[in-house]
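Engineer: Once you've had a glance at the structure underneath, I'll fire off some questions.
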Amino acid sequence: MKRLVLVRHGQSVWNKENRFTGWTDVPLSEQGIEEAKKAGHILKEEGYIFRLAYTSYLTRAIKTLWLVLEEMNLMWIEERKSWRLNEKHYGMLQGLSKVETAKKYGTDMVQLWRRSFDVPPQPLDAGDERNPRFDPRYADLSPKDIPMTESLKEVIERLLPYWENEMKPALIEQNQLLVSAHGNSLRALVMHLKNMSKEEILKFNIPTGIPYIFEFDNEMNLLKDYFLGDQEEIKKLMEQVANQTKGK
């Protein structure tokens with residue numbers, strides 16, 4: 001059996017402030033640090049052992065991975081980082097309050113920008129200081145690969161080749177794989193793995209810091225998927241993610 005473990009990074013300071021984050025590099029909050037440690041503790045208690053882990057280029061996901069591995073006494077294992085695991089780029093929305101943006105443009109419009117399959121937010125201007133081309137971690141990327149905004153469809157388009165050509169073969173070889181990434185990059189992968197419709201993925205929420213397990217047979221057929229932890233608590237956390245534009 002093969003096990004893929006997905007962990008959405010712990011709460012970031014902008015998650016705490018309910019802001020659109022995207023490719024903006026912000027740290028974990030104190031709560032986020034504790035969430036990451038708790039995820040590592042649960043995985044250790046359940047007997048998981050990894051020899052390889054993946055994460056994005058963004059600090060909140062990298063730090064979550066480090067805290068998980070530290071809790072598991074696995075900081076020695078190999079890590080592979082890719083911009084393809086980055087969060088969805090939120091364009092001009094990055095840094096804005098989700099509640100205030102909903103008041104200005106309407107909850108339906110903001111929900112469309114947040115969760116629609118193929119409607120991206122307004123893009124950044126080329127000279128905007130938030131443009132990833134000004135960030136040295138993306139210096140080697142082709143200009144065509146640097147987004148000014150993205151929809152989930154575009155996140156899928158950049159992520160799935162990395163899954164098929166890099167991560168999936170590694171899982172087949174390793175049997176267990178750990179991925180620390182972001183709400184939308186993980187939703188893109190989940191949509192593919194579970195063959196979900198656009199309507200289904202629109203309603204699907206991944207809480208921060210909760211290990212999400214996918215089990216496959218040796219032919220990589222999906223057997224089951226589930227979150228580790230108290231299921232009632234996880235349900236409440238998923239509802240909180242859904243209600244972010246409502247100020248709840």
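The chains in the structure tokens are called A, B, ... from first to last as shown; in each chain the residues are counted from 1, and the ligands are counted from 1 in the order shown.
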Enumerate, in order of chain and increasing residue number, the residues of stretch 88-120 of chain A with an atom no farther than 10 Å from stretch 192-211 of chain A, each with its shortest atom pair and distance in Å to one decimal, counting only C-alpha atoms, as a Markdown table.
Structural biologist:
| residue | atom | partner | partner_atom | distance |
| --- | --- | --- | --- | --- |
| A:Gln111 | CA | A:Leu202 | CA | 9.4 |
| A:Leu112 | CA | A:Leu202 | CA | 9.3 |
| A:Arg114 | CA | A:Leu202 | CA | 9.1 |
| A:Arg115 | CA | A:Leu202 | CA | 5.5 |
| A:Ser116 | CA | A:Leu202 | CA | 6.4 |
| A:Phe117 | CA | A:Lys198 | CA | 6.3 |
| A:Asp118 | CA | A:Lys198 | CA | 9.4 |
Engineer: Atoms to include: C-alpha atoms. Write the selected residues as a compact mmCIF listing (two decimals), in the first residue's frame.
Structural biologist:
# COMPACT_ATOMS: atom_id res chain seq x y z
CA GLN A 111 -16.32 33.72 -3.45
CA LEU A 112 -15.99 33.48 -7.23
CA ARG A 114 -11.60 32.52 -4.13
CA ARG A 115 -13.15 29.29 -5.30
CA SER A 116 -14.28 29.32 -8.91
CA PHE A 117 -12.60 26.89 -11.25
CA ASP A 118 -11.60 29.27 -14.03
Engineer: Let's see if you can do this: from backbone DSSP, list all strand (DSSP E or B) residues in stretch 15-244 of chain A, as a PyMOL selection string.
Structural biologist: chain A and resi 19+28+52-55+78-81+97+176-181+212-216+222-227
Engineer: Determine which residues of stretch 55-215 of chain A receive a DSSP assignment of alpha helix (DSSP H), computed from the backbone, and state them as an MDAnalysis selection string.
Structural biologist: chainID A and resid 59:71 98:105 107:115 152:162 168:174 183:193 198:202
Engineer: May I have the residues within 8 Å of A:Ser97 as a list of chain:residue names, using only C-alpha atoms and disregarding those fewer than 2 positions away in the same chain?
Structural biologist: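 The contact residues come out as A:Glu17, A:Asn18, A:Arg19, A:Phe20, A:Gly95, A:Val99, A:Glu100, A:Thr101.
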Engineer: For atom CA of A:Ala36 and atom CA of A:Leu6, determine how far apart the two atoms are, in Å to one decimal place.
Structural biologist: 12.1 Å
Engineer: Excluding A:Asn218 and any residue of its chain fewer than 6 positions from it, enumerate the residues within 8 Å of it, using only C-alpha atoms, and give them as a ChimeraX atom specification.
Structural biologist: /A:1-2,172
Engineer: The selected residues should be written to file as a short mmCIF file (atom, residue, chain, number, x, y, z; two decimals), in the first residue's frame (atoms: all heavy atoms).
Structural biologist:
data_model
loop_
_atom_site.label_atom_id
_atom_site.label_comp_id
_atom_site.auth_asym_id
_atom_site.auth_seq_id
_atom_site.Cartn_x
_atom_site.Cartn_y
_atom_site.Cartn_z
N MET A 1 0.84 -1.21 0.00
CA MET A 1 0.00 0.00 0.00
C MET A 1 0.88 1.25 0.00
O MET A 1 1.95 1.27 0.61
CB MET A 1 -0.91 0.01 1.23
CG MET A 1 -1.87 1.17 1.27
SD MET A 1 -3.07 1.05 2.63
CE MET A 1 -1.99 1.20 4.04
N LYS A 2 0.42 2.28 -0.71
CA LYS A 2 1.10 3.56 -0.78
C LYS A 2 0.29 4.60 0.00
O LYS A 2 -0.94 4.62 -0.09
CB LYS A 2 1.23 4.03 -2.23
CG LYS A 2 1.63 2.96 -3.24
CD LYS A 2 3.06 2.54 -3.09
CE LYS A 2 3.45 1.58 -4.21
NZ LYS A 2 4.83 1.07 -4.04
N ILE A 172 5.54 5.97 -5.61
CA ILE A 172 5.60 4.55 -5.99
C ILE A 172 6.87 3.91 -5.45
O ILE A 172 6.87 2.78 -4.95
CB ILE A 172 5.51 4.41 -7.53
CG1 ILE A 172 4.11 4.83 -8.01
CG2 ILE A 172 5.83 2.99 -7.97
CD1 ILE A 172 3.98 4.92 -9.51
#
Engineer: What lies within 6 Å of stretch 177-185 of chain A using only C-alpha atoms, ignoring chain neighbours under 4 positions off, as an mmCIF file with N, CA, C and O atoms, in the first residue's frame?
Structural biologist:
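Listing of selection_11.cif after writing:
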data_model
loop_
_atom_site.group_PDB
_atom_site.id
_atom_site.type_symbol
_atom_site.label_atom_id
_atom_site.label_comp_id
_atom_site.auth_asym_id
_atom_site.auth_seq_id
_atom_site.Cartn_x
_atom_site.Cartn_y
_atom_site.Cartn_z
ATOM 1 N N LEU A 4 0.042 8.764 0.705
ATOM 2 C CA LEU A 4 0.381 10.156 0.439
ATOM 3 C C LEU A 4 -0.221 10.994 1.555
ATOM 4 O O LEU A 4 -1.431 10.945 1.794
ATOM 5 N N VAL A 5 0.612 11.760 2.253
ATOM 6 C CA VAL A 5 0.156 12.587 3.370
ATOM 7 C C VAL A 5 0.269 14.055 2.979
ATOM 8 O O VAL A 5 1.372 14.556 2.730
ATOM 9 N N LEU A 6 -0.867 14.727 2.931
ATOM 10 C CA LEU A 6 -0.920 16.144 2.592
ATOM 11 C C LEU A 6 -1.154 16.952 3.865
ATOM 12 O O LEU A 6 -2.022 16.609 4.661
ATOM 13 N N VAL A 7 -0.390 18.024 4.044
ATOM 14 C CA VAL A 7 -0.593 18.921 5.175
ATOM 15 C C VAL A 7 -0.646 20.354 4.651
ATOM 16 O O VAL A 7 0.342 20.836 4.084
ATOM 17 N N ARG A 8 -1.788 20.996 4.824
ATOM 18 C CA ARG A 8 -1.843 22.424 4.541
ATOM 19 C C ARG A 8 -1.096 23.135 5.658
ATOM 20 O O ARG A 8 -1.266 22.802 6.843
ATOM 21 N N HIS A 9 -0.237 24.071 5.285
ATOM 22 C CA HIS A 9 0.587 24.755 6.288
ATOM 23 C C HIS A 9 -0.257 25.260 7.459
ATOM 24 O O HIS A 9 -1.449 25.545 7.327
ATOM 25 N N ALA A 53 10.214 14.331 1.418
ATOM 26 C CA ALA A 53 9.095 15.260 1.603
ATOM 27 C C ALA A 53 9.168 16.366 0.552
ATOM 28 O O ALA A 53 10.255 16.738 0.089
ATOM 29 N N TYR A 54 8.004 16.897 0.206
ATOM 30 C CA TYR A 54 7.901 17.979 -0.774
ATOM 31 C C TYR A 54 7.252 19.203 -0.139
ATOM 32 O O TYR A 54 6.383 19.088 0.732
ATOM 33 N N THR A 55 7.665 20.373 -0.614
ATOM 34 C CA THR A 55 7.026 21.602 -0.175
ATOM 35 C C THR A 55 7.183 22.666 -1.257
ATOM 36 O O THR A 55 7.810 22.436 -2.298
ATOM 37 N N SER A 56 6.604 23.835 -1.003
ATOM 38 C CA SER A 56 6.628 24.928 -1.969
ATOM 39 C C SER A 56 7.843 25.818 -1.735
ATOM 40 O O SER A 56 8.730 25.511 -0.930
ATOM 41 N N ALA A 61 4.865 27.192 4.296
ATOM 42 C CA ALA A 61 4.817 25.752 4.019
ATOM 43 C C ALA A 61 6.132 25.079 4.404
ATOM 44 O O ALA A 61 6.136 23.969 4.958
ATOM 45 N N LEU A 65 6.642 22.196 7.293
ATOM 46 C CA LEU A 65 7.327 20.926 7.049
ATOM 47 C C LEU A 65 8.427 20.697 8.078
ATOM 48 O O LEU A 65 8.538 19.606 8.647
ATOM 49 N N LEU A 85 4.186 23.948 -6.293
ATOM 50 C CA LEU A 85 3.362 23.667 -5.118
ATOM 51 C C LEU A 85 2.932 24.942 -4.395
ATOM 52 O O LEU A 85 2.262 24.879 -3.365
ATOM 53 N N GLU A 87 0.939 28.398 -3.398
ATOM 54 C CA GLU A 87 -0.481 28.747 -3.338
ATOM 55 C C GLU A 87 -0.923 29.380 -4.662
ATOM 56 O O GLU A 87 -0.098 29.866 -5.454
ATOM 57 N N LYS A 88 -2.201 29.352 -4.918
ATOM 58 C CA LYS A 88 -2.780 30.107 -6.033
ATOM 59 C C LYS A 88 -2.406 31.578 -5.903
ATOM 60 O O LYS A 88 -2.429 32.145 -4.805
ATOM 61 N N LEU A 171 6.409 8.546 -4.939
ATOM 62 C CA LEU A 171 5.510 7.817 -4.044
ATOM 63 C C LEU A 171 5.538 6.318 -4.340
ATOM 64 O O LEU A 171 5.565 5.490 -3.416
#
